$ cat structure.txt   # compact mmCIF, C-alpha atoms and all ligand atoms
# COMPACT_ATOMS: atom_id res chain seq x y z
CA MET U 1 -128.54 -116.31 -98.06
CA SER U 2 -127.89 -117.79 -101.46
CA PHE U 3 -129.24 -116.12 -104.52
CA GLY U 4 -131.74 -118.97 -104.81
CA VAL U 5 -133.34 -118.26 -101.48
CA GLU U 6 -133.50 -114.51 -102.03
CA ARG U 7 -135.32 -115.17 -105.25
CA GLN U 8 -137.66 -117.63 -103.57
CA VAL U 9 -138.44 -115.30 -100.69
CA GLN U 10 -138.92 -112.30 -102.92
CA SER U 11 -141.12 -114.14 -105.37
CA LEU U 12 -143.24 -115.41 -102.50
CA LEU U 13 -143.43 -111.89 -101.20
CA SER U 14 -144.66 -110.57 -104.48
CA GLN U 15 -147.60 -112.96 -104.30
CA PRO U 16 -150.69 -112.50 -102.15
CA LEU U 17 -149.82 -115.90 -100.69
CA MET U 18 -147.55 -114.47 -98.01
CA LYS U 19 -150.17 -111.99 -96.91
CA SER U 20 -152.90 -114.57 -96.75
CA ILE U 21 -150.71 -117.01 -94.82
CA ARG U 22 -149.96 -114.33 -92.25
CA GLU U 23 -153.62 -113.38 -91.98
CA ALA U 24 -154.53 -117.01 -91.52
CA GLY U 25 -151.81 -117.32 -88.86
CA ALA U 26 -153.16 -114.29 -87.01
CA ARG U 27 -156.68 -115.75 -87.18
CA GLU U 28 -155.54 -119.09 -85.78
CA ARG U 29 -153.63 -117.36 -83.01
CA SER U 30 -156.51 -115.14 -81.98
CA LYS U 31 -158.91 -118.11 -81.93
CA ALA U 32 -156.57 -120.01 -79.66
CA ARG U 33 -155.59 -117.14 -77.38
CA ARG U 34 -156.14 -118.03 -73.76
CA ASP U 35 -156.23 -115.46 -71.03
CA LEU U 36 -154.39 -117.13 -68.18
CA ASP U 37 -154.84 -116.70 -64.45
CA PRO U 38 -152.60 -113.73 -63.51
CA TYR U 39 -151.51 -115.50 -60.30
CA SER U 40 -150.35 -118.79 -61.89
CA TYR U 41 -147.11 -119.19 -63.79
CA VAL U 42 -147.20 -120.96 -67.17
CA SER U 43 -144.75 -123.69 -66.23
CA CYS U 44 -141.72 -124.50 -64.15
CA TRP U 45 -139.27 -127.39 -64.39
CA THR U 46 -135.66 -128.39 -63.78
CA GLU U 47 -133.35 -129.25 -66.68
CA ASP U 48 -129.70 -129.93 -67.46
CA GLU U 49 -127.47 -126.95 -68.16
CA VAL U 50 -123.82 -126.19 -68.66
CA MET U 51 -122.03 -123.55 -66.63
CA ASP U 52 -118.27 -122.92 -66.60
CA ASN U 53 -117.92 -125.98 -68.87
CA GLN U 54 -119.56 -128.18 -66.26
CA GLU U 55 -122.95 -129.83 -66.30
CA CYS U 56 -125.35 -128.56 -63.68
CA LYS U 57 -129.08 -128.07 -63.11
CA ALA U 58 -131.21 -125.11 -64.12
CA LEU U 59 -134.62 -124.11 -62.81
CA VAL U 60 -136.78 -122.84 -65.67
CA LEU U 61 -139.72 -120.59 -64.80
CA ILE U 62 -142.13 -119.17 -67.37
CA LEU U 63 -144.20 -116.25 -66.15
CA ALA U 64 -147.57 -115.33 -67.62
CA THR U 65 -147.10 -111.63 -68.38
CA LYS U 66 -149.34 -109.49 -70.57
CA GLY U 67 -147.54 -111.01 -73.53
CA CYS U 68 -144.93 -110.21 -76.14
CA SER U 69 -145.56 -106.74 -77.60
CA TRP U 70 -144.67 -107.96 -81.08
CA ALA U 71 -146.90 -111.03 -80.80
CA LEU U 72 -149.83 -108.82 -79.83
CA ARG U 73 -149.34 -106.83 -83.06
CA SER U 74 -148.34 -109.65 -85.42
CA GLY U 75 -145.97 -112.35 -84.13
CA CYS U 76 -143.20 -114.55 -85.46
CA SER U 77 -144.12 -117.31 -87.87
CA MET U 78 -143.05 -120.15 -85.56
CA CYS U 79 -144.00 -118.74 -82.16
CA GLY U 80 -146.85 -120.32 -80.25
CA TYR U 81 -146.01 -118.62 -76.96
CA THR U 82 -148.41 -115.84 -77.76
CA ASN U 83 -151.23 -117.74 -76.14
CA GLU U 84 -149.48 -118.03 -72.80
CA SER U 85 -150.25 -114.61 -71.41
CA SER U 86 -152.54 -112.93 -68.95
CA SER U 87 -154.07 -109.58 -69.86
CA SER U 88 -154.69 -108.78 -66.17
CA ALA U 89 -151.18 -109.55 -64.91
CA THR U 90 -149.88 -106.95 -62.45
CA ASP U 91 -146.61 -106.46 -60.58
CA GLU U 92 -148.18 -108.10 -57.56
CA SER U 93 -149.57 -111.12 -59.45
CA LEU U 94 -146.27 -111.62 -61.30
CA TRP U 95 -144.37 -111.48 -58.02
CA GLN U 96 -146.70 -114.17 -56.66
CA GLN U 97 -146.03 -116.26 -59.79
CA TYR U 98 -142.30 -115.86 -59.17
CA LEU U 99 -142.61 -116.87 -55.50
CA SER U 100 -144.67 -119.95 -56.45
CA GLY U 101 -141.99 -120.94 -58.95
CA MET U 102 -139.29 -120.56 -56.30
CA LYS U 103 -140.99 -123.29 -54.27
CA ASN U 104 -139.28 -125.61 -56.79
CA PHE U 105 -135.85 -124.34 -55.82
CA ALA U 106 -133.60 -127.27 -54.97
CA ALA U 107 -130.14 -125.75 -55.12
CA GLN U 108 -130.13 -125.50 -58.92
CA ARG U 109 -127.22 -123.26 -59.91
CA VAL U 110 -128.98 -121.57 -62.81
CA LEU U 111 -132.32 -119.77 -63.08
CA LYS U 112 -133.88 -119.26 -66.50
CA ILE U 113 -136.71 -116.83 -66.12
CA TYR U 114 -138.76 -116.48 -69.27
CA THR U 115 -141.87 -114.50 -70.06
CA SER U 116 -142.82 -115.81 -73.52
CA GLY U 117 -141.71 -112.33 -74.55
CA SER U 118 -139.10 -109.87 -73.34
CA PHE U 119 -137.95 -109.49 -69.74
CA LEU U 120 -136.64 -106.00 -70.51
CA ASP U 121 -139.94 -104.78 -71.99
CA THR U 122 -141.66 -102.68 -69.32
CA PHE U 123 -145.02 -103.54 -70.88
CA GLU U 124 -144.43 -107.05 -69.49
CA ILE U 125 -142.19 -106.51 -66.44
CA SER U 126 -142.04 -103.11 -64.78
CA LEU U 127 -138.77 -101.61 -63.71
CA ASP U 128 -139.52 -102.19 -60.03
CA LEU U 129 -140.52 -105.80 -60.52
CA ARG U 130 -137.52 -106.48 -62.74
CA LYS U 131 -135.19 -105.32 -59.97
CA ARG U 132 -137.13 -107.16 -57.27
CA ILE U 133 -136.93 -110.46 -59.14
CA LEU U 134 -133.27 -110.04 -60.07
CA GLN U 135 -132.27 -109.13 -56.52
CA ASP U 136 -133.95 -112.23 -55.14
CA ALA U 137 -132.53 -114.48 -57.87
CA PHE U 138 -129.07 -112.94 -57.50
CA ASP U 139 -128.97 -114.07 -53.89
CA ASN U 140 -129.88 -117.67 -54.70
CA PHE U 141 -128.39 -118.61 -58.10
CA ASP U 142 -124.97 -118.49 -59.77
CA MET U 143 -126.35 -117.59 -63.16
CA ILE U 144 -129.61 -115.96 -64.29
CA VAL U 145 -130.76 -116.13 -67.89
CA VAL U 146 -133.45 -113.76 -69.15
CA GLU U 147 -134.81 -113.57 -72.67
CA THR U 148 -135.37 -110.30 -74.46
CA ARG U 149 -135.65 -108.90 -77.96
CA HIS U 150 -132.49 -106.90 -78.68
CA GLU U 151 -134.64 -103.82 -79.30
CA TYR U 152 -134.92 -103.52 -75.50
CA ILE U 153 -131.18 -103.71 -74.89
CA ASN U 154 -130.25 -100.06 -74.49
CA ARG U 155 -128.07 -98.07 -72.09
CA LYS U 156 -130.95 -97.04 -69.83
CA ASN U 157 -132.28 -100.60 -69.44
CA LEU U 158 -128.79 -102.00 -68.84
CA GLU U 159 -127.90 -99.31 -66.29
CA ASP U 160 -131.01 -100.29 -64.33
CA ILE U 161 -129.80 -103.87 -63.98
CA LEU U 162 -126.09 -103.17 -63.74
CA PRO U 163 -125.70 -104.53 -60.17
CA TYR U 164 -126.69 -108.01 -61.42
CA ARG U 165 -124.54 -108.13 -64.57
CA GLU U 166 -121.95 -110.50 -63.16
CA LYS U 167 -124.54 -113.31 -63.04
CA LEU U 168 -126.86 -112.18 -65.79
CA VAL U 169 -127.04 -113.59 -69.32
CA LEU U 170 -129.18 -111.76 -71.89
CA ALA U 171 -130.64 -114.34 -74.26
CA VAL U 172 -131.68 -112.89 -77.59
CA GLY U 173 -133.59 -114.44 -80.50
CA VAL U 174 -131.53 -113.17 -83.43
CA GLU U 175 -132.80 -116.01 -85.69
CA SER U 176 -130.59 -115.15 -88.70
CA SER U 177 -127.93 -112.62 -89.63
CA ASN U 178 -129.76 -112.18 -92.92
CA ASP U 179 -132.44 -109.50 -92.57
CA LEU U 180 -134.46 -110.96 -95.45
CA VAL U 181 -134.81 -114.25 -93.61
CA VAL U 182 -135.74 -112.49 -90.37
CA HIS U 183 -138.32 -110.25 -92.01
CA TYR U 184 -139.96 -112.58 -94.47
CA SER U 185 -139.45 -116.10 -93.16
CA VAL U 186 -139.58 -115.35 -89.44
CA ASN U 187 -141.77 -112.23 -89.66
CA LYS U 188 -139.77 -110.39 -87.00
CA PRO U 189 -139.11 -106.67 -87.35
CA SER U 190 -135.44 -106.80 -86.34
CA LEU U 191 -132.19 -105.83 -88.02
CA PHE U 192 -128.88 -107.60 -87.55
CA THR U 193 -127.00 -104.28 -87.36
CA HIS U 194 -129.14 -103.40 -84.36
CA PHE U 195 -128.24 -106.69 -82.70
CA ILE U 196 -124.55 -105.90 -83.26
CA SER U 197 -124.95 -102.51 -81.51
CA ALA U 198 -127.03 -103.98 -78.69
CA SER U 199 -124.65 -106.85 -78.06
CA SER U 200 -121.57 -104.63 -78.23
CA LEU U 201 -123.15 -102.25 -75.72
CA ALA U 202 -124.09 -105.13 -73.40
CA HIS U 203 -120.56 -106.54 -73.57
CA SER U 204 -118.99 -103.15 -72.97
CA MET U 205 -121.09 -102.87 -69.81
CA GLY U 206 -120.09 -106.32 -68.57
CA PHE U 207 -123.12 -108.44 -69.54
CA ARG U 208 -123.03 -111.77 -71.32
CA VAL U 209 -125.09 -112.45 -74.45
CA LYS U 210 -126.56 -115.74 -75.57
CA SER U 211 -127.86 -115.76 -79.15
CA TYR U 212 -130.58 -118.01 -80.46
CA MET U 213 -130.61 -118.72 -84.15
CA MET U 214 -133.55 -120.28 -85.90
CA PHE U 215 -132.58 -123.19 -88.07
CA LYS U 216 -134.83 -123.65 -91.10
CA PRO U 217 -137.57 -121.06 -90.83
CA PRO U 218 -140.40 -121.49 -93.35
CA PHE U 219 -140.02 -120.77 -97.08
CA MET U 220 -136.51 -122.15 -97.17
CA SER U 221 -135.04 -125.29 -98.65
CA GLU U 222 -133.10 -127.68 -96.41
CA SER U 223 -129.82 -126.85 -98.16
CA ASP U 224 -130.32 -123.09 -98.00
CA ALA U 225 -131.30 -123.41 -94.34
CA ILE U 226 -127.96 -125.13 -93.67
CA ARG U 227 -126.10 -122.39 -95.50
CA ASP U 228 -128.01 -119.64 -93.68
CA ALA U 229 -127.34 -121.29 -90.32
CA VAL U 230 -123.60 -121.64 -90.94
CA ASN U 231 -123.37 -118.00 -92.09
CA THR U 232 -125.40 -116.83 -89.11
CA ILE U 233 -123.25 -118.73 -86.62
CA ARG U 234 -120.14 -117.20 -88.19
CA ASP U 235 -121.67 -113.69 -87.97
CA LEU U 236 -122.90 -114.22 -84.41
CA SER U 237 -119.61 -115.56 -83.14
CA GLN U 238 -118.01 -112.14 -82.57
CA TYR U 239 -121.00 -110.89 -80.61
CA SER U 240 -122.10 -113.86 -78.52
CA ASP U 241 -120.85 -115.83 -75.54
CA VAL U 242 -123.13 -118.76 -76.32
CA ILE U 243 -124.87 -119.58 -79.61
CA SER U 244 -127.89 -121.83 -79.45
CA ILE U 245 -129.11 -123.44 -82.68
CA ASN U 246 -132.89 -123.75 -82.45
CA PRO U 247 -134.33 -125.96 -85.18
CA THR U 248 -137.86 -124.88 -86.06
CA ASN U 249 -140.50 -126.99 -84.38
CA ILE U 250 -144.21 -127.02 -85.07
CA GLN U 251 -145.97 -125.07 -82.36
CA ARG U 252 -149.73 -124.90 -82.26
CA ASP U 253 -151.68 -122.09 -83.92
CA THR U 254 -148.78 -120.68 -85.87
CA VAL U 255 -148.04 -119.92 -89.52
CA VAL U 256 -145.52 -122.77 -89.45
CA GLU U 257 -148.21 -125.18 -88.28
CA LEU U 258 -150.52 -124.10 -91.10
CA LEU U 259 -147.76 -124.73 -93.64
CA TRP U 260 -146.90 -128.08 -92.05
CA LYS U 261 -150.51 -129.25 -92.08
CA SER U 262 -150.76 -128.43 -95.77
CA GLY U 263 -147.58 -130.39 -96.53
CA ALA U 264 -145.48 -127.31 -97.24
CA PHE U 265 -143.06 -127.57 -94.36
CA ARG U 266 -140.99 -130.23 -92.65
CA PRO U 267 -138.81 -129.46 -89.61
CA PRO U 268 -135.12 -129.93 -90.40
CA TRP U 269 -133.43 -133.29 -90.42
CA LEU U 270 -131.16 -134.03 -87.47
CA TRP U 271 -128.49 -134.83 -90.07
CA SER U 272 -128.78 -131.22 -91.22
CA LEU U 273 -128.25 -130.05 -87.68
CA VAL U 274 -125.13 -132.21 -87.41
CA GLU U 275 -123.96 -130.76 -90.73
CA VAL U 276 -124.42 -127.20 -89.43
CA ILE U 277 -122.40 -127.98 -86.30
CA ARG U 278 -119.65 -129.69 -88.29
CA SER U 279 -119.41 -126.86 -90.80
CA SER U 280 -119.38 -124.10 -88.21
CA ASN U 281 -115.75 -123.69 -87.55
CA ILE U 282 -115.84 -121.01 -84.89
CA SER U 283 -113.72 -120.32 -81.88
CA GLY U 284 -114.82 -118.37 -78.87
CA PRO U 285 -118.49 -118.82 -78.08
CA ARG U 286 -119.96 -122.12 -76.97
CA LEU U 287 -122.08 -123.62 -79.73
CA MET U 288 -124.99 -125.70 -78.51
CA SER U 289 -128.38 -127.06 -79.44
CA LYS U 290 -131.22 -128.43 -77.37
CA PRO U 291 -133.89 -128.93 -80.03
CA THR U 292 -137.48 -128.70 -78.77
CA GLY U 293 -139.64 -131.67 -79.71
CA ALA U 294 -136.72 -133.37 -81.44
CA GLY U 295 -137.25 -136.92 -82.64
CA THR U 296 -140.98 -136.32 -83.14
CA VAL U 297 -142.75 -135.23 -86.31
CA ARG U 298 -143.21 -131.75 -84.85
CA GLY U 299 -139.50 -131.30 -84.16
CA ALA U 300 -136.20 -131.85 -85.98
CA HIS U 301 -136.10 -135.55 -86.81
CA ASN U 302 -134.56 -138.33 -88.86
CA CYS U 303 -136.08 -141.70 -89.65
CA GLY U 304 -137.21 -142.53 -86.12
CA ARG U 305 -134.67 -145.33 -85.63
CA CYS U 306 -131.52 -143.25 -85.23
CA ASP U 307 -132.99 -140.06 -83.71
CA GLU U 308 -132.12 -140.90 -80.15
CA ARG U 309 -128.49 -141.71 -80.95
CA VAL U 310 -128.01 -138.56 -83.01
CA LEU U 311 -129.65 -136.41 -80.34
CA LYS U 312 -127.39 -137.89 -77.71
CA ALA U 313 -124.36 -136.96 -79.80
CA ILE U 314 -125.68 -133.40 -80.27
CA SER U 315 -126.26 -133.08 -76.56
CA SER U 316 -122.80 -134.40 -75.83
CA TYR U 317 -121.29 -131.96 -78.36
CA SER U 318 -123.13 -129.12 -76.61
CA VAL U 319 -121.24 -129.92 -73.42
CA ARG U 320 -117.86 -131.11 -74.71
CA GLN U 321 -117.55 -128.97 -77.87
CA SER U 322 -115.79 -131.80 -79.65
CA LEU U 323 -116.76 -133.05 -83.11
CA ASP U 324 -115.49 -136.55 -82.18
CA VAL U 325 -118.96 -137.31 -80.83
CA PHE U 326 -120.29 -137.55 -84.40
CA GLU U 327 -117.66 -139.96 -85.65
CA ASP U 328 -119.43 -143.28 -85.28
CA ILE U 329 -122.94 -142.16 -86.06
CA ASP U 330 -124.64 -143.43 -89.16
CA CYS U 331 -127.98 -144.81 -90.39
CA SER U 332 -129.47 -145.87 -93.70
CA CYS U 333 -131.67 -142.73 -93.67
CA ARG U 334 -128.57 -140.62 -94.22
CA LYS U 335 -128.77 -141.57 -97.89
CA THR U 336 -132.38 -140.30 -98.10
CA TRP U 337 -131.30 -137.07 -96.43
CA GLU U 338 -128.43 -136.65 -98.89
CA ARG U 339 -130.84 -137.15 -101.80
CA GLU U 340 -133.29 -134.62 -100.41
CA LEU U 341 -130.51 -132.16 -99.88
CA MET U 342 -129.47 -132.52 -103.48
CA ILE U 343 -133.03 -132.03 -104.73
CA SER U 344 -133.51 -129.04 -102.45
CA ARG U 345 -130.46 -127.36 -104.02
CA PHE U 346 -132.55 -126.98 -107.16
CA GLY U 347 -135.05 -124.93 -105.20
CA ASN U 348 -137.74 -127.54 -104.70
CA TYR U 349 -138.11 -126.69 -101.06
CA PHE U 350 -141.54 -128.21 -100.55
CA THR U 351 -140.53 -131.73 -101.62
CA GLU U 352 -140.05 -134.11 -98.75
CA SER U 353 -139.84 -137.81 -99.37
CA ASN U 354 -139.75 -138.56 -95.66
CA TYR U 355 -142.67 -136.42 -94.78
CA ARG U 356 -144.08 -137.86 -91.56
CA ILE U 357 -147.22 -135.90 -90.88
CA ARG U 358 -148.77 -138.38 -88.46
CA GLU U 359 -148.37 -137.64 -84.77
S1 LIG U 401 -140.49 -115.35 -80.96
FE1 LIG U 401 -140.23 -113.79 -79.36
S2 LIG U 401 -140.49 -111.83 -80.46
FE2 LIG U 401 -141.36 -113.43 -81.78
S3 LIG U 401 -143.55 -113.45 -81.26
FE3 LIG U 401 -142.53 -115.04 -80.01
S4 LIG U 401 -142.05 -114.05 -78.07
FE4 LIG U 401 -142.48 -112.41 -79.58
ZN ZN U 402 -132.09 -142.96 -89.41

$ encode --input "structure.txt" --output "C-alpha cells" --more "lines below"
Ligand code: SF4
Ligand SMILES: [Zn+2]
Amino acid sequence: MSFGVERQVQSLLSQPLMKSIREAGARERSKARRDLDPYSYVSCWTEDEVMDNQECKALVLILATKGCSWALRSGCSMCGYTNESSSSATDESLWQQYLSGMKNFAAQRVLKIYTSGSFLDTFEISLDLRKRILQDAFDNFDMIVVETRHEYINRKNLEDILPYREKLVLAVGVESSNDLVVHYSVNKPSLFTHFISASSLAHSMGFRVKSYMMFKPPFMSESDAIRDAVNTIRDLSQYSDVISINPTNIQRDTVVELLWKSGAFRPPWLWSLVEVIRSSNISGPRLMSKPTGAGTVRGAHNCGRCDERVLKAISSYSVRQSLDVFEDIDCSCRKTWERELMISRFGNYFTESNYRIRE
C-alpha cells in the first residue's frame, strides 16, 4: 500500500464515517436477509474452466448452509452472499441439496462446491457431511474446488480430508497481502501471515491452494488499487497454485452498494485490470480473472463499446497465460482512463468522470 492510501484509510478510520457506513451496511443486510428453504440449493450451473492447461467444463453448486460465521457477526464490505443461507439447514437437508445439484451432472470434469461461506467451517458443514460429499464428488470428478477462509485451514481439518487431497483445491479469499486493506477496506478479520502458514501447511500435506484477491476494495483510488493488486499478486505467488483477480462488483445490500449509490465508488476499469495483469510479472502460479458482472455498471467496466473485446482478451489470457492477447486492443476511452488514473494519484479517489450509475 502506498503511503497515500495508508493515510486515506487511517484518516477515514479516525472519523465516525467508517463506523456509520458499517452500521448502515449491517442494517441493509439484516433487512434483506432471506431465510431459504433448507432443502433447496441456492444455484447450480455449468461454466468454462481450465484444468491441466486445457479448457473444460465445471459444475458449480452453491449450497444454502447456515451462513458464513463472519457474515453473521459483521461481514465483508462487498459480500452479498450473506443473504443466501438457511438457518434450519441440517446435514440431511444439505445432503439433499447436494443430490439435487448432482442431477445436473453431465460429465463435467470439475466440481466447484460453494457455500457462500467456508466449506471447512463445521458450523456450516459438519465433519460427516464434508466427508460424505467429498467421497461422492471424488468418485465422479477430476477436480473439486471448495472455498474456505484460511482460518479454517489447520492440521486437524486437513487430516480429515486427506484422502481427497489429490483432487482437492482449497480456494481462499485472501483479498490483499496488506492487512490494512483487508481490515479497513474489506472489513475481514484476517492476517496475511496466517494465510502464509495455512497455505504452507496445506502444500506440505499435498493440497493445492487457489487464492482470490480483491481488486479495488472501497476507500481506495484506482491507482492505489492497481499498486495493491500488483503487490498482492507478487506476495501470493509463492503460496498459491492459482491466483484469481476478483474486481469488486456491486452486490446488493452491501457497504459497497451504499457507497456506489451515493457516488463514492466505481468498480475498477477493465483497463486497470489489464494493467494489473501486464505488470504482474510472476512465474509459477496461473494468473486468471473471471470478473463477475463485468461490462455492466455493477462490475468492472470501460466505456461500454470496448468491454466485450477487452473481456475476451482477459479470458483468453486466463487460459493461455500470454500477454500477446492484449497487443491489438485499444479504444478512445483509454485516454479517459489514463486521465482518471493521473487524477487518482493525487488522492482524489471519489472522482469519476465516467461514472455510469444507471443500470
Ligand atoms: S466474503 Fe467470505 S468471509 Fe467475507 S462475509 Fe462473504 S462469505 Fe464471509
Ligand atoms: Zn472503450

$ closest_atom_pairs --input "structure.txt" --of "chain U" --to "ligand ZN 402 (chain U)" --cutoff "8 Å" --atoms "only C-alpha atoms and all ligand atoms" --output "CSV"
residue,atom,partner,partner_atom,distance
U:Asn302,CA,U:ZN402,ZN,5.3
U:Cys303,CA,U:ZN402,ZN,4.2
U:Gly304,CA,U:ZN402,ZN,6.1
U:Arg305,CA,U:ZN402,ZN,5.2
U:Cys306,CA,U:ZN402,ZN,4.2
U:Asp307,CA,U:ZN402,ZN,6.5
U:Asp330,CA,U:ZN402,ZN,7.5
U:Cys331,CA,U:ZN402,ZN,4.6
U:Ser332,CA,U:ZN402,ZN,5.8
U:Cys333,CA,U:ZN402,ZN,4.3
U:Arg334,CA,U:ZN402,ZN,6.4

$ closest_atom_pairs --input "structure.txt" --of "segment 100-173 of chain U" --to "segment 207-223 of chain U" --cutoff "12 Å" --atoms "all atoms listed in the file" --output "tab-separated table"
residue	atom	partner	partner_atom	distance
U:Met143	CA	U:Arg208	CA	10.6
U:Ile144	CA	U:Arg208	CA	10.5
U:Val145	CA	U:Lys210	CA	8.8
U:Val146	CA	U:Lys210	CA	9.6
U:Glu147	CA	U:Lys210	CA	9.0
U:Thr148	CA	U:Ser211	CA	10.4
U:Arg149	CA	U:Ser211	CA	10.4
U:His150	CA	U:Ser211	CA	10.0
U:Ile153	CA	U:Val209	CA	10.7
U:Arg155	CA	U:Phe207	CA	11.8
U:Leu158	CA	U:Phe207	CA	8.6
U:Glu159	CA	U:Phe207	CA	10.8
U:Ile161	CA	U:Phe207	CA	9.8
U:Leu162	CA	U:Phe207	CA	8.4
U:Pro163	CA	U:Phe207	CA	10.5
U:Tyr164	CA	U:Phe207	CA	8.9
U:Arg165	CA	U:Phe207	CA	5.2
U:Glu166	CA	U:Phe207	CA	6.8
U:Lys167	CA	U:Phe207	CA	8.2
U:Leu168	CA	U:Phe207	CA	6.5
U:Val169	CA	U:Arg208	CA	4.8
U:Leu170	CA	U:Val209	CA	4.9
U:Ala171	CA	U:Lys210	CA	4.5
U:Val172	CA	U:Ser211	CA	5.0
U:Gly173	CA	U:Tyr212	CA	4.7

$ residues_near_ligand --input "structure.txt" --ligand "ligand LIG 401 (chain U)" --cutoff "7 Å" --atoms "all atoms listed in the file" --output "VMD selection string"
chain U and resid 68 to 71 75 to 76 79 to 82 116 to 118 149 173 188

$ closest_residue --input "structure.txt" --among "U:Tyr39, U:Arg278, U:Glu84, U:Glu151" --to "Tyr98 of chain U" --atoms "only C-alpha atoms"
U:Tyr39

$ atom_distance --input "structure.txt" --atom1 "atom CA of Val242 of chain U" --atom2 "atom CA of Leu287 of chain U"
6.0 Å

$ atom_distance --input "structure.txt" --atom1 "atom CA of Gly284 of chain U" --atom2 "atom CA of Ile233 of chain U"
11.5 Å

$ residues_near_point --input "structure.txt" --point "(-134.0, -119.1, -60.8)" --cutoff "7 Å" --atoms "all atoms listed in the file" --output "PyMOL selection string"
chain U and resi 59-60+110-113+137+141+144

$ atom_distance --input "structure.txt" --atom1 "atom CA of Pro268 of chain U" --atom2 "atom CA of Thr248 of chain U"
7.2 Å

$ residues_near_point --input "structure.txt" --point "(-120.6, -134.5, -84.4)" --cutoff "10 Å" --atoms "only C-alpha atoms" --output "list in words"
Trp271, Leu273, Val274, Glu275, Val276, Ile277, Arg278, Val310, Ala313, Ile314, Ser315, Ser316, Tyr317, Ser318, Gln321, Ser322, Leu323, Asp324, Val325, Phe326, Glu327, Asp328 and Ile329 of chain U

$ closest_residue --input "structure.txt" --among "U:Leu270, U:Asn281, U:Glu47, U:Ser197" --to "Trp337 of chain U" --atoms "all atoms listed in the file"
U:Leu270

$ closest_residue --input "structure.txt" --among "U:Ala58, U:Leu120, U:Ala107, U:Leu36" --to "Ser85 of chain U" --atoms "only C-alpha atoms"
U:Leu36

$ residues_around --input "structure.txt" --residues "Asn154 of chain U" --least-positions-apart "5" --cutoff "9 Å" --atoms "all atoms listed in the file" --output "list in words"
Glu159, Ala198, Leu201 and Ala202 of chain U

$ decode --input "structure.txt" --residues "segment 259-312 of chain U" --atoms "C-alpha atoms" --output "PDB file, in the first residue's frame"
ATOM      1  CA  LEU U 259     -21.065   3.831  -1.355  1.00  0.00           C
ATOM      2  CA  TRP U 260     -21.815   3.262  -5.042  1.00  0.00           C
ATOM      3  CA  LYS U 261     -25.339   4.629  -4.738  1.00  0.00           C
ATOM      4  CA  SER U 262     -24.002   7.771  -3.104  1.00  0.00           C
ATOM      5  CA  GLY U 263     -21.452   8.265  -5.892  1.00  0.00           C
ATOM      6  CA  ALA U 264     -18.461   7.349  -3.745  1.00  0.00           C
ATOM      7  CA  PHE U 265     -17.424   4.179  -5.524  1.00  0.00           C
ATOM      8  CA  ARG U 266     -16.950   2.967  -9.067  1.00  0.00           C
ATOM      9  CA  PRO U 267     -15.898  -0.621  -9.850  1.00  0.00           C
ATOM     10  CA  PRO U 268     -12.464  -0.722 -11.481  1.00  0.00           C
ATOM     11  CA  TRP U 269     -11.896  -0.038 -15.143  1.00  0.00           C
ATOM     12  CA  LEU U 270     -11.150  -3.063 -17.306  1.00  0.00           C
ATOM     13  CA  TRP U 271      -8.067  -1.146 -18.458  1.00  0.00           C
ATOM     14  CA  SER U 272      -6.893  -1.215 -14.846  1.00  0.00           C
ATOM     15  CA  LEU U 273      -7.366  -4.959 -14.762  1.00  0.00           C
ATOM     16  CA  VAL U 274      -5.300  -5.310 -17.936  1.00  0.00           C
ATOM     17  CA  GLU U 275      -2.655  -3.081 -16.345  1.00  0.00           C
ATOM     18  CA  VAL U 276      -2.525  -5.318 -13.251  1.00  0.00           C
ATOM     19  CA  ILE U 277      -2.088  -8.431 -15.396  1.00  0.00           C
ATOM     20  CA  ARG U 278       0.592  -6.787 -17.527  1.00  0.00           C
ATOM     21  CA  SER U 279       2.518  -5.510 -14.521  1.00  0.00           C
ATOM     22  CA  SER U 280       2.384  -8.779 -12.608  1.00  0.00           C
ATOM     23  CA  ASN U 281       5.486 -10.465 -13.743  1.00  0.00           C
ATOM     24  CA  ILE U 282       5.203 -13.740 -11.876  1.00  0.00           C
ATOM     25  CA  SER U 283       6.200 -17.251 -12.716  1.00  0.00           C
ATOM     26  CA  GLY U 284       4.679 -20.335 -11.204  1.00  0.00           C
ATOM     27  CA  PRO U 285       1.007 -19.935 -10.400  1.00  0.00           C
ATOM     28  CA  ARG U 286      -1.621 -19.462 -13.067  1.00  0.00           C
ATOM     29  CA  LEU U 287      -2.940 -15.905 -13.024  1.00  0.00           C
ATOM     30  CA  MET U 288      -6.556 -15.564 -14.079  1.00  0.00           C
ATOM     31  CA  SER U 289      -9.617 -13.379 -13.827  1.00  0.00           C
ATOM     32  CA  LYS U 290     -13.271 -14.052 -14.451  1.00  0.00           C
ATOM     33  CA  PRO U 291     -14.833 -10.777 -13.316  1.00  0.00           C
ATOM     34  CA  THR U 292     -18.406 -11.047 -12.036  1.00  0.00           C
ATOM     35  CA  GLY U 293     -20.825  -8.650 -13.700  1.00  0.00           C
ATOM     36  CA  ALA U 294     -18.087  -7.286 -15.947  1.00  0.00           C
ATOM     37  CA  GLY U 295     -19.124  -4.888 -18.688  1.00  0.00           C
ATOM     38  CA  THR U 296     -22.090  -3.647 -16.638  1.00  0.00           C
ATOM     39  CA  VAL U 297     -22.219  -0.669 -14.297  1.00  0.00           C
ATOM     40  CA  ARG U 298     -22.169  -3.017 -11.312  1.00  0.00           C
ATOM     41  CA  GLY U 299     -18.987  -4.769 -12.444  1.00  0.00           C
ATOM     42  CA  ALA U 300     -15.555  -3.807 -13.780  1.00  0.00           C
ATOM     43  CA  HIS U 301     -16.207  -1.859 -16.970  1.00  0.00           C
ATOM     44  CA  ASN U 302     -14.887   0.510 -19.604  1.00  0.00           C
ATOM     45  CA  CYS U 303     -16.907   2.737 -21.898  1.00  0.00           C
ATOM     46  CA  GLY U 304     -19.416   0.110 -22.990  1.00  0.00           C
ATOM     47  CA  ARG U 305     -18.126  -0.082 -26.570  1.00  0.00           C
ATOM     48  CA  CYS U 306     -14.885  -1.959 -25.963  1.00  0.00           C
ATOM     49  CA  ASP U 307     -15.835  -4.001 -22.876  1.00  0.00           C
ATOM     50  CA  GLU U 308     -16.585  -7.182 -24.735  1.00  0.00           C
ATOM     51  CA  ARG U 309     -13.299  -7.150 -26.652  1.00  0.00           C
ATOM     52  CA  VAL U 310     -11.238  -6.445 -23.539  1.00  0.00           C
ATOM     53  CA  LEU U 311     -13.055  -9.143 -21.581  1.00  0.00           C
ATOM     54  CA  LYS U 312     -12.413 -11.634 -24.327  1.00  0.00           C
TER      55      LYS U 312
END
